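Just structure_33.cif here, mmCIF, C-alpha atoms:
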data_work
loop_
_atom_site.label_atom_id
_atom_site.label_comp_id
_atom_site.auth_asym_id
_atom_site.auth_seq_id
_atom_site.Cartn_x
_atom_site.Cartn_y
_atom_site.Cartn_z
CA MET A 12 10.50 10.75 8.94
CA PRO A 13 6.79 10.33 8.22
CA LEU A 14 4.64 7.96 10.27
CA ARG A 15 3.22 4.92 8.56
CA LEU A 16 -0.50 4.56 8.07
CA SER A 17 -0.40 1.35 10.10
CA THR A 18 1.50 3.09 12.91
CA PHE A 19 -1.07 5.84 12.90
CA ARG A 20 -3.84 3.28 13.38
CA ASN A 21 -1.99 2.01 16.44
CA LEU A 22 -1.75 5.46 17.90
CA ARG A 23 -5.38 6.40 17.75
CA PRO A 24 -6.74 4.28 20.62
CA ALA A 25 -4.01 5.59 22.92
CA LEU A 26 -4.85 9.17 22.01
CA SER A 27 -8.54 8.74 22.49
CA GLY A 28 -8.17 6.85 25.80
CA GLY A 29 -8.53 9.77 28.15
CA ASP A 30 -7.02 12.68 26.29
CA SER A 31 -8.97 15.68 25.26
CA LEU A 32 -8.12 14.99 21.62
CA GLN A 33 -10.93 12.94 20.09
CA TRP A 34 -10.61 11.48 16.61
CA THR A 35 -14.22 10.46 16.37
CA GLY A 36 -16.73 13.27 16.31
CA ASN A 37 -16.94 16.25 14.04
CA ILE A 38 -13.83 15.49 12.04
CA GLY A 39 -14.44 12.54 9.74
CA GLN A 40 -11.90 9.75 9.51
CA ALA A 41 -11.34 10.23 5.78
CA SER A 42 -10.69 13.94 6.19
CA CYS A 43 -8.24 13.19 9.02
CA TYR A 44 -6.26 10.92 6.70
CA SER A 45 -6.36 13.48 3.89
CA LEU A 46 -5.08 16.14 6.26
CA PHE A 47 -2.28 13.93 7.57
CA HIS A 48 -1.33 12.91 4.03
CA PHE A 49 -1.26 16.54 3.02
CA LEU A 50 1.01 17.35 5.94
CA GLY A 51 3.24 14.39 5.10
CA ILE A 52 2.73 12.74 8.49
CA VAL A 53 1.17 9.47 7.33
CA GLU A 54 2.77 6.99 4.96
CA THR A 55 1.00 4.16 3.15
CA ARG A 56 2.84 0.85 2.79
CA VAL A 57 2.48 -1.42 -0.22
CA LEU A 58 4.09 -4.80 -0.73
CA ALA A 59 4.93 -5.35 -4.40
CA VAL A 60 5.56 -8.84 -5.73
CA ASN A 61 7.61 -8.75 -8.91
CA ALA A 62 9.81 -11.60 -10.12
CA ASP A 63 12.07 -9.29 -12.10
CA PRO A 64 12.06 -5.91 -10.33
CA VAL A 65 15.25 -4.67 -12.01
CA PHE A 66 14.27 -5.08 -15.66
CA GLN A 67 10.43 -5.15 -15.49
CA ASP A 68 10.07 -2.01 -13.43
CA ARG A 69 7.53 0.14 -15.23
CA ALA A 70 4.98 0.00 -12.44
CA LEU A 71 7.63 0.16 -9.71
CA ALA A 72 9.05 3.35 -11.21
CA ILE A 73 5.59 4.92 -11.00
CA LEU A 74 5.11 3.74 -7.40
CA ASP A 75 8.47 5.39 -6.57
CA GLN A 76 6.99 8.70 -7.65
CA ILE A 77 3.88 8.59 -5.46
CA GLU A 78 4.25 10.82 -2.42
CA HIS A 79 3.85 9.35 1.07
CA LEU A 80 4.09 5.80 -0.20
CA GLU A 81 6.60 3.24 0.93
CA THR A 82 6.99 0.26 -1.40
CA HIS A 83 8.60 -2.94 -0.24
CA ILE A 84 9.59 -5.21 -3.14
CA VAL A 85 9.78 -9.00 -2.99
CA ARG A 86 10.43 -11.44 -5.82
CA ASN A 87 8.28 -14.46 -4.99
CA LEU A 88 5.41 -15.85 -2.95
CA SER A 89 7.63 -17.19 -0.20
CA GLU A 90 9.22 -13.78 0.42
CA ALA A 91 5.78 -12.14 0.27
CA VAL A 92 4.40 -14.41 3.00
CA GLN A 93 7.45 -13.76 5.16
CA ALA A 94 7.10 -9.99 4.75
CA LEU A 95 3.36 -10.10 5.48
CA LEU A 96 3.91 -12.10 8.65
CA GLU A 97 6.64 -9.78 9.90
CA GLU A 98 5.27 -6.36 8.97
CA ASN A 99 2.03 -4.53 8.37
CA PHE A 100 1.12 -3.51 4.85
CA ASP A 101 -1.90 -1.60 3.65
CA GLY A 102 -2.04 -3.46 0.35
CA LEU A 103 -0.40 -6.04 -1.87
CA LEU A 104 0.32 -5.56 -5.56
CA ILE A 105 1.30 -8.55 -7.69
CA GLU A 106 2.82 -7.94 -11.08
CA GLY A 107 3.66 -10.53 -13.69
CA GLU A 108 2.22 -13.10 -16.05
CA ALA A 109 -1.58 -13.28 -15.62
CA ALA A 110 -2.09 -16.92 -14.61
CA LEU A 111 0.88 -16.98 -12.23
CA SER A 112 -0.04 -13.65 -10.62
CA LEU A 113 -3.60 -14.80 -10.02
CA GLU A 114 -2.40 -18.10 -8.59
CA GLN A 115 -0.12 -16.25 -6.19
CA ALA A 116 -2.91 -13.84 -5.26
CA THR A 117 -5.39 -16.69 -4.66
CA ASN A 118 -2.83 -18.46 -2.51
CA LEU A 119 -2.20 -15.36 -0.43
CA ARG A 120 -5.93 -14.66 -0.10
CA GLN A 121 -6.36 -18.03 1.69
CA HIS A 122 -3.80 -16.99 4.28
CA PHE A 123 -4.53 -13.26 4.57
CA PRO A 124 -8.31 -12.89 4.17
CA SER A 125 -8.54 -9.19 4.99
CA LEU A 126 -5.59 -7.95 2.92
CA ARG A 127 -6.26 -5.69 -0.07
CA ILE A 128 -4.77 -7.60 -3.01
CA ALA A 129 -4.46 -6.36 -6.59
CA CYS A 130 -2.94 -8.01 -9.67
CA LEU A 131 -1.38 -5.84 -12.32
CA LEU A 132 -2.03 -7.59 -15.63
CA PRO A 133 -1.68 -6.82 -19.33
CA ARG A 134 -4.93 -5.91 -21.09
CA GLY A 135 -7.32 -8.27 -22.89
CA GLY A 136 -8.54 -11.90 -23.02
CA ARG A 137 -9.11 -12.64 -19.37
CA SER A 138 -12.77 -13.36 -18.65
CA GLU A 139 -11.87 -16.54 -16.74
CA ILE A 140 -9.27 -14.65 -14.75
CA ALA A 141 -11.74 -11.88 -13.97
CA ARG A 142 -14.27 -14.42 -12.66
CA THR A 143 -11.71 -16.10 -10.37
CA ALA A 144 -10.46 -12.72 -9.17
CA ARG A 145 -14.01 -11.63 -8.28
CA GLU A 146 -14.60 -14.83 -6.32
CA GLN A 147 -11.40 -14.34 -4.37
CA ASN A 148 -11.92 -10.61 -3.79
CA ILE A 149 -8.82 -9.73 -5.80
CA GLU A 150 -8.66 -6.50 -7.76
CA LEU A 151 -7.44 -6.57 -11.36
CA LEU A 152 -5.53 -3.54 -12.60
CA SER A 153 -4.65 -3.09 -16.27
CA ILE A 154 -1.13 -2.23 -17.35
CA GLY A 155 -2.10 -0.88 -20.78
CA TRP A 156 0.27 0.99 -23.08
CA SER A 157 0.07 4.53 -21.86
CA GLU A 158 2.22 5.74 -19.00
CA PHE A 159 -0.51 8.15 -17.93
CA GLY A 160 -3.13 5.38 -17.72
CA LEU A 161 -0.89 3.17 -15.62
CA ARG A 162 0.02 6.07 -13.36
CA SER A 163 -3.62 6.93 -12.69
CA THR A 164 -4.49 3.25 -12.10
CA LEU A 165 -1.72 2.83 -9.55
CA THR A 166 -2.37 6.17 -7.88
CA GLY A 167 -6.05 5.24 -7.61
CA PHE A 168 -5.16 1.92 -5.97
CA VAL A 169 -2.81 3.55 -3.46
CA ARG A 170 -5.31 6.28 -2.58
CA SER A 171 -8.06 3.69 -2.12
CA LEU A 172 -5.87 2.02 0.52
CA ASP A 173 -6.00 5.19 2.60
CA ALA A 174 -9.77 5.32 2.36
CA HIS A 175 -10.04 1.71 3.58
CA ALA A 176 -8.10 2.40 6.76
CA GLY A 177 -9.47 0.81 9.95
CA THR A 178 -12.31 2.34 11.90
CA ALA A 179 -11.63 4.67 14.78
CA ALA A 180 -11.36 2.91 18.09
CA GLU A 181 -12.47 3.77 21.60
CA GLY A 182 -10.16 3.64 24.60
CA ILE A 183 -9.91 0.73 27.03
CA ASP A 184 -12.43 0.84 29.84
CA PRO A 185 -11.04 -0.21 33.26
CA CYS A 186 -14.16 -2.29 33.88
CA HIS A 187 -13.26 -4.72 31.07
CA SER A 188 -13.00 -8.13 32.66
CA LEU A 189 -9.84 -9.19 30.80
CA ILE A 190 -7.22 -6.97 29.23
CA GLY A 191 -3.96 -8.09 27.68
CA ASN A 192 -1.34 -7.94 25.02
CA LEU A 193 -1.02 -10.27 22.05
CA ASN A 194 2.77 -10.25 22.41
CA GLN A 195 2.42 -12.32 25.56
CA PHE A 196 -0.70 -14.37 24.82
CA SER A 197 -1.74 -15.36 21.33
CA ALA A 198 -5.38 -15.06 20.28
CA ALA A 199 -5.60 -18.87 20.20
CA GLU A 200 -4.50 -19.13 23.83
CA ILE A 201 -6.95 -16.59 25.23
CA LEU A 202 -9.86 -17.89 23.18
CA GLN A 203 -9.06 -21.44 24.30
CA MET A 204 -9.05 -20.32 27.93
CA SER A 205 -12.35 -18.43 27.58
CA CYS A 206 -14.08 -21.23 25.70
CA LEU A 207 -12.99 -23.83 28.23
CA SER A 208 -14.46 -21.74 31.03
CA GLN A 209 -17.79 -21.44 29.11
CA ARG A 210 -17.69 -17.62 28.88
CA SER A 211 -20.20 -15.41 27.08
CA GLY A 212 -19.18 -11.96 25.90
CA ARG A 213 -17.22 -9.96 23.37
CA PHE A 214 -13.49 -10.02 22.68
CA THR A 215 -12.10 -6.92 20.98
CA PHE A 216 -8.69 -7.17 19.35
CA LYS A 217 -6.80 -4.05 18.32
CA SER A 218 -3.66 -4.10 16.24
CA GLY A 219 -1.93 -2.22 13.46
CA ARG A 220 -4.07 -4.18 11.00
CA GLY A 221 -7.29 -2.77 12.48
CA ASN A 222 -9.89 -3.79 15.05
CA SER A 223 -11.81 -7.01 15.22
CA GLU A 224 -14.40 -8.60 17.45
CA ILE A 225 -15.17 -12.16 18.43
CA TYR A 226 -18.40 -12.94 20.26
CA LEU A 227 -18.59 -15.96 22.52
CA GLN A 228 -21.70 -17.67 23.84
CA GLN A 229 -21.45 -20.41 26.44
CA GLY A 230 -17.90 -21.24 25.40
CA SER A 231 -18.54 -21.30 21.63
CA VAL A 232 -17.60 -18.71 19.05
CA ARG A 233 -20.87 -17.29 17.73
CA HIS A 234 -19.80 -14.37 15.59
CA ALA A 235 -16.51 -12.84 14.39
CA VAL A 236 -15.94 -9.71 12.39
CA PHE A 237 -12.88 -7.94 11.04
CA GLY A 238 -13.58 -5.07 8.66
CA SER A 239 -15.61 -6.52 5.83
CA VAL A 240 -14.60 -10.09 6.71
CA GLU A 241 -16.98 -12.11 8.87
CA GLY A 242 -17.22 -15.59 10.35
CA GLU A 243 -14.44 -18.16 10.23
CA ALA A 244 -12.31 -16.04 7.90
CA ALA A 245 -12.22 -13.31 10.54
CA VAL A 246 -11.22 -15.83 13.22
CA ALA A 247 -8.44 -17.09 10.92
CA GLU A 248 -7.17 -13.55 10.47
CA ILE A 249 -7.00 -12.87 14.21
CA PHE A 250 -5.08 -16.11 14.77
CA ARG A 251 -2.17 -14.63 12.82
CA TRP A 252 -1.86 -11.50 14.88
CA ARG A 253 1.25 -11.38 17.03
CA GLN A 254 1.03 -7.75 18.06
CA GLY A 255 -1.77 -5.68 19.49
CA ARG A 256 -4.08 -5.56 22.47
CA PHE A 257 -7.29 -7.30 23.45
CA TYR A 258 -10.00 -6.96 26.04
CA PHE A 259 -13.05 -8.96 27.00
CA GLU A 260 -16.46 -7.60 27.96
CA GLU A 261 -18.58 -10.10 29.83
CA GLY A 262 -22.20 -10.62 28.84
CA ILE A 263 -22.32 -8.94 25.42
CA ILE A 264 -24.05 -11.34 23.05
CA SER A 265 -24.22 -10.98 19.30
CA GLN A 266 -27.56 -11.19 17.53
CA GLU A 267 -25.77 -12.38 14.44
CA GLN A 268 -24.35 -15.86 14.07
CA THR A 269 -21.66 -16.32 11.43
CA VAL A 270 -19.71 -19.19 13.02
CA ASN A 271 -21.41 -22.54 13.42
CA ARG A 272 -18.60 -24.95 14.16
CA PRO A 273 -17.41 -26.00 17.64
CA TRP A 274 -14.39 -24.18 19.02
CA ALA A 275 -12.18 -27.30 18.97
CA HIS A 276 -12.66 -27.65 15.19
CA LEU A 277 -11.92 -23.99 14.60
CA LEU A 278 -8.79 -24.19 16.73
CA ILE A 279 -7.40 -27.26 14.95
CA ASP A 280 -8.22 -25.91 11.47
CA ASN A 281 -6.72 -22.50 12.13
CA LEU A 282 -3.55 -23.81 13.75
CA GLN A 283 -3.13 -26.11 10.76
CA LYS A 284 -3.68 -23.16 8.42
CA LEU A 285 -1.11 -21.13 10.34
CA ASP A 286 1.39 -23.97 9.97
CA GLU A 287 0.70 -24.03 6.22
CA THR A 288 1.29 -20.29 6.04
CA LEU A 289 4.61 -20.67 7.81
CA GLU A 290 5.53 -23.52 5.45
CA LEU A 291 5.05 -21.18 2.51
CA VAL A 292 7.91 -19.09 3.86
CA SER A 293 10.37 -21.95 3.43
CA VAL A 294 8.89 -23.70 0.39
CA GLN A 295 7.86 -21.90 -2.76
CA MET B 7 9.59 16.50 -3.86
CA ARG B 8 10.81 13.22 -5.36
CA ASP B 9 13.46 12.79 -8.02
CA LYS B 10 12.71 9.98 -10.47
CA ALA B 11 16.33 9.03 -11.22
CA LEU B 12 17.28 9.07 -7.56
CA GLU B 13 14.31 6.87 -6.60
CA THR B 14 15.23 4.38 -9.33
CA LYS B 15 18.84 4.21 -8.17
CA LEU B 16 17.73 3.76 -4.58
CA ARG B 17 15.40 0.93 -5.57
CA LEU B 18 18.15 -0.79 -7.55
CA VAL B 19 20.73 -0.50 -4.80
CA THR B 20 18.25 -1.73 -2.17
CA LEU B 21 17.36 -4.80 -4.26
CA GLN B 22 21.04 -5.48 -4.91
CA LEU B 23 21.92 -5.21 -1.21
CA GLU B 24 19.08 -7.57 -0.29
CA ASN B 25 20.53 -10.18 -2.62
CA TRP B 26 24.07 -9.69 -1.32
CA LYS B 27 22.79 -10.19 2.23
CA LYS B 28 20.96 -13.38 1.25
CA LEU B 29 24.09 -14.64 -0.49
CA HIS B 30 26.11 -13.89 2.63
CA ASP B 31 23.64 -15.78 4.86
CA LEU B 32 23.96 -18.86 2.69
CA ILE B 33 27.77 -18.59 2.38
CA THR B 34 28.03 -18.23 6.17
CA TYR B 35 25.85 -21.29 6.63
CA GLY B 36 28.02 -23.21 4.16
CA LEU B 37 31.20 -22.26 6.00
CA ASP B 38 29.80 -23.22 9.40
CA LYS B 39 31.23 -26.70 9.97
CA ALA B 40 28.92 -27.16 12.99
CA LYS B 41 25.98 -27.36 10.59
CA PRO B 42 26.69 -30.49 8.59
CA ILE B 43 23.43 -30.71 6.63
CA ILE B 44 22.97 -28.63 3.49
CA SER B 45 19.47 -29.10 2.09
CA THR B 46 18.47 -29.07 -1.56
CA GLU B 47 16.21 -26.14 -0.69
CA GLN B 48 19.25 -24.13 0.47
CA GLU B 49 21.13 -25.03 -2.68
CA ARG B 50 18.12 -23.93 -4.74
CA GLN B 51 17.94 -20.62 -2.87
CA PHE B 52 21.65 -20.11 -3.41
CA THR B 53 21.27 -20.73 -7.14
CA ASP B 54 18.30 -18.33 -7.30
CA VAL B 55 20.17 -15.54 -5.52
CA ARG B 56 23.34 -16.12 -7.52
CA GLY B 57 21.33 -16.19 -10.74
CA ASN B 58 19.64 -12.88 -9.91
CA LEU B 59 22.97 -11.28 -9.04
CA LEU B 60 24.68 -12.52 -12.20
CA GLN B 61 21.81 -11.20 -14.28
CA GLU B 62 21.52 -7.81 -12.64
CA ILE B 63 24.92 -6.85 -11.30
CA GLU B 64 26.37 -5.29 -14.43
CA TYR B 65 23.26 -3.25 -15.20
CA VAL B 66 22.86 -2.04 -11.61
CA LEU B 67 26.52 -1.13 -11.17
CA ARG B 68 26.48 0.81 -14.45
CA GLU B 69 23.38 2.71 -13.34
CA LEU B 70 25.14 3.56 -10.08
CA ASN B 71 28.42 4.49 -11.82
CA LEU B 72 30.26 1.78 -9.91
CA LEU B 73 30.99 -0.64 -12.72
CA SER B 74 34.75 -0.13 -12.95
CA GLU B 75 35.18 0.05 -9.18
CA VAL B 76 33.19 -2.94 -7.95
CA SER B 77 32.46 -5.19 -10.91
CA GLY B 78 35.69 -7.26 -10.64
CA LYS B 79 35.19 -8.04 -6.97
CA ALA B 80 31.53 -8.85 -7.45
CA MET B 81 32.34 -11.31 -10.24
CA SER B 82 35.10 -12.82 -8.11
CA VAL B 83 32.55 -13.60 -5.36
CA LEU B 84 30.04 -15.02 -7.81
CA GLN B 85 32.63 -17.17 -9.56
CA ARG B 86 34.12 -18.57 -6.36
CA GLY B 87 30.77 -19.31 -4.74
CA VAL B 88 29.28 -21.91 -7.06
CA SER B 89 27.10 -23.61 -4.44
CA VAL B 90 26.74 -23.86 -0.65
CA ARG B 91 28.60 -27.17 -0.71
CA GLY B 92 31.21 -25.69 -3.07
CA VAL B 93 31.87 -22.85 -0.61
CA ARG B 94 32.37 -25.38 2.19
CA ASP B 95 34.99 -27.19 0.15
CA LEU B 96 37.01 -24.06 -0.70
CA PRO B 97 40.57 -23.81 0.70
CA ASP B 98 41.09 -21.31 3.53
CA ALA B 99 42.86 -18.74 1.37
CA GLU B 100 40.01 -18.77 -1.13
CA VAL B 101 37.45 -18.38 1.66
CA ARG B 102 39.30 -15.32 3.00
CA ARG B 103 39.42 -13.85 -0.49
CA LEU B 104 35.71 -14.53 -0.93
CA GLU B 105 34.87 -12.79 2.34
CA THR B 106 37.10 -9.80 1.57
CA ASP B 107 35.60 -9.33 -1.88
CA TRP B 108 32.05 -9.72 -0.59
CA ASN B 109 32.79 -7.13 2.09
CA SER B 110 34.18 -4.65 -0.46
CA VAL B 111 31.07 -4.90 -2.64
CA PHE B 112 28.71 -4.72 0.32
CA THR B 113 30.51 -1.72 1.82
CA LYS B 114 30.45 0.21 -1.43
CA LEU B 115 26.78 -0.52 -2.07
CA GLY B 116 25.92 0.39 1.52
CA LEU B 117 27.73 3.69 1.22
CA VAL B 118 25.96 4.55 -2.00
CA GLN B 119 22.61 3.65 -0.46
CA GLY B 120 23.32 5.99 2.43
CA GLN B 121 24.29 8.83 0.10
CA LEU B 122 21.14 8.34 -1.97
CA LYS B 123 18.96 8.29 1.14
CA ALA B 124 20.59 11.49 2.37
CA ARG B 125 19.91 13.12 -0.98
CA ARG B 126 16.30 11.96 -0.88
CA LYS B 127 15.84 13.36 2.62
CA GLU B 128 17.26 16.66 1.44
CA LEU B 129 14.89 16.73 -1.53
CA ALA B 130 11.88 15.76 0.57
CA GLU B 131 12.41 18.81 2.71
CA GLN B 132 12.11 21.25 -0.17
CA THR B 133 9.34 22.14 -2.59
CA VAL B 134 9.72 22.28 -6.37
CA PHE B 135 9.70 26.07 -6.18
CA ASN B 136 12.46 26.14 -3.53
CA PHE B 137 14.55 23.68 -5.55
CA TYR B 138 14.55 25.82 -8.72
CA TRP B 139 14.84 29.07 -6.79
CA LYS B 140 18.01 27.78 -5.08
CA ARG B 141 19.41 26.76 -8.46
CA VAL B 142 18.79 30.24 -9.80
CA LEU B 143 20.46 31.86 -6.79
CA GLN B 144 23.45 29.50 -6.83
CA ARG B 145 24.05 29.94 -10.58
CA PRO B 146 27.62 31.22 -11.06
CA ALA B 147 28.05 34.69 -12.49
CA THR B 148 29.12 34.66 -16.14
CA ALA B 149 32.53 36.20 -16.93
CA HIS B 150 32.70 38.90 -19.60
#

Give the structure from this file in structure tokens form.
Amino acid sequence: MPLRLSTFRNLRPALSGGDSLQWTGNIGQASCYSLFHFLGIVETRVLAVNADPVFQDRALAILDQIEHLETHIVRNLSEAVQALLEENFDGLLIEGEAALSLEQATNLRQHFPSLRIACLLPRGGRSEIARTAREQNIELLSIGWSEFGLRSTLTGFVRSLDAHAGTAAEGIDPCHSLIGNLNQFSAAEILQMSCLSQRSGRFTFKSGRGNSEIYLQQGSVRHAVFGSVEGEAAVAEIFRWRQGRFYFEEGIISQEQTVNRPWAHLLIDNLQKLDETLELVSVQ
Amino acid sequence: MRDKALETKLRLVTLQLENWKKLHDLITYGLDKAKPIISTEQERQFTDVRGNLLQEIEYVLRELNLLSEVSGKAMSVLQRGVSVRGVRDLPDAEVRRLETDWNSVFTKLGLVQGQLKARRKELAEQTVFNFYWKRVLQRPATAH
């Protein structure tokens, strides 16, 4: 059975920890993925939202044909949120009527800021939709009439997910002042503890979703980054992580400042947001 | 190597099984007398799942060549279970019948899903060339 792309991301830090096998170096990350895809070791995971997956299955039938792709199908927003909270996906594809799809995508973007989201819409008459999609960092894919066009659009989207895989990570250094597992302590708990004790330094979080960093200065969050997401959105993302590892390096200060609010405000806002996300699971 | 028809069947059977599981969760909740409150949200979910099953069952079973075998039992479950509250009010004999019919449909769909997955695994392990080469070699000799 092939490994999933997300599983592969989890494996890399362990391999690079002290083993002779180094992923960073002469072999580029992209070429590593291409090689693993070619060998059938890595599998990309896409969550597809489709209200009528039995009868409106043109795109799903094409996704079925793409090698090394696992597609999980859900019918509505509530099921999508549940799936995204429980499992790791490399991308989300929403298919359906334009306004509804975009509304669902916008809703999900608020709760999953770093997720690659694309809406599969029929062609034409959608300048307003395109503007909203751009603002929310949502990709618009055209269904069109030709099977070939749709196939190449979907294949392009799936392949682009591989290219956006997380950056290679270094191993854990024994001199890190705090090391732990997100299964036992949530990000909110450890950040609360560090902020209360007025710490300055860098938190690194590593999970199947990728790596992220939060910089503290005198007990306040100064800067947060997760892939292309920065600031409060990155903090919000890390709050949702329930699996992965973290470590703290004392004294590393960020030159950049992307978070300006006190920690208490961030904590309350993000816990509230998390509650809202969980509410979406039960209420559509 | 992936077979289009097989992938479609597998997708259909997986979606169908998901819905049967959801239906079972709600029926089980309805039958549990220790849980007295049935919310409108649960009733709405039940109606959604039942609606999807009613709409899709015939098409899916025909695609899987199971229509004659399973269709009657599937319809029996869907006709008996009208709502979560309705299931709670069913007489014991009807409840047993409901559970037996649900189990028959679920078992059959599960079996088919397993067979399709096994076939997919088999196909994934061979290339297009190997597939056609095997077919050529296994072709029966023509009688003269």

Subject >> Output of the PyMOL selection byres ((chain B) within 12 of (chain A)), listed as number ranges by chain >> reply: B: 7-22, 24-25, 28, 45-48, 50-51, 54-55, 57-59, 61-67, 69, 123, 126-128, 130-131

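Shortest separation to Leu58 in chain A among A:Ala275, A:Leu202, A:Ala245, A:Cys130 occurs at residue A:Cys130, atoms counted being only C-alpha atoms.
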
Original post:
Please, what distance in Å, to one decimal, runs between CA of Gln85 in chain B and CA of Trp108 in chain B?
Top reply: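 Between CA of Gln85 in chain B and CA of Trp108 in chain B the gap is 11.7 Å.
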
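Each of A:Glu261, A:Glu224, A:Asp173, A:Glu54 was checked against Ala198 in chain A using all atoms listed in the file; the smallest atom-to-atom distance is that of A:Glu224.
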
Subject >> Explicit residues for the PyMOL selection byres ((chain B and resi 81) around 10) (as a list in words) >> reply: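 What the PyMOL selection byres ((chain B and resi 81) around 10) grabs from the file is Leu59, Leu60, Ile63, Glu64, Val76, Ser77, Gly78, Lys79, Ala80, Ser82, Val83, Leu84, Gln85, Arg86, Gly87, Asp107 and Trp108 of chain B.
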
**OP:** Determine the nearest neighbour of Leu73 in chain B from the options B:Val93, B:Val101, B:Ile43, B:Leu115, counting all atoms listed in the file.
**Re:**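 Counting all atoms listed in the file, the residue closest to Leu73 in chain B is B:Leu115.
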
**OP:** Just say which residues the PyMOL selection byres ((chain A and resi 272) around 9) picks in this file, as number ranges by chain.
**Re:** A: 231-233, 243, 270-271, 273-277

Original post:
How many Å lie between CA of Gln283 in chain A and CA of Asn222 in chain A, rounded to one decimal?
Top reply: 23.7 Å

Original post:
Distance CA of Ile33 in chain B-CA of Leu96 in chain B, one decimal place?
Top reply: 11.2 Å

Subject >> Shell around range 155-165 of chain A at 10 Å using all atoms listed in the file, local window under 2 positions removed, as a VMD selection string >> reply: chain A and resid 69 to 74 76 to 77 104 131 to 135 152 to 153 167 to 171

Please produce a file of the residues just selected, as a PDB file, keeping the file's coordinate frame, where the atoms kept are C-alpha atoms.
ATOM      1  CA  ARG A  69       7.530   0.140 -15.230  1.00  0.00           C
ATOM      2  CA  ALA A  70       4.980   0.000 -12.440  1.00  0.00           C
ATOM      3  CA  LEU A  71       7.630   0.160  -9.710  1.00  0.00           C
ATOM      4  CA  ALA A  72       9.050   3.350 -11.210  1.00  0.00           C
ATOM      5  CA  ILE A  73       5.590   4.920 -11.000  1.00  0.00           C
ATOM      6  CA  LEU A  74       5.110   3.740  -7.400  1.00  0.00           C
ATOM      7  CA  GLN A  76       6.990   8.700  -7.650  1.00  0.00           C
ATOM      8  CA  ILE A  77       3.880   8.590  -5.460  1.00  0.00           C
ATOM      9  CA  LEU A 104       0.320  -5.560  -5.560  1.00  0.00           C
ATOM     10  CA  LEU A 131      -1.380  -5.840 -12.320  1.00  0.00           C
ATOM     11  CA  LEU A 132      -2.030  -7.590 -15.630  1.00  0.00           C
ATOM     12  CA  PRO A 133      -1.680  -6.820 -19.330  1.00  0.00           C
ATOM     13  CA  ARG A 134      -4.930  -5.910 -21.090  1.00  0.00           C
ATOM     14  CA  GLY A 135      -7.320  -8.270 -22.890  1.00  0.00           C
ATOM     15  CA  LEU A 152      -5.530  -3.540 -12.600  1.00  0.00           C
ATOM     16  CA  SER A 153      -4.650  -3.090 -16.270  1.00  0.00           C
ATOM     17  CA  GLY A 167      -6.050   5.240  -7.610  1.00  0.00           C
ATOM     18  CA  PHE A 168      -5.160   1.920  -5.970  1.00  0.00           C
ATOM     19  CA  VAL A 169      -2.810   3.550  -3.460  1.00  0.00           C
ATOM     20  CA  ARG A 170      -5.310   6.280  -2.580  1.00  0.00           C
ATOM     21  CA  SER A 171      -8.060   3.690  -2.120  1.00  0.00           C
TER      22      SER A 171
END
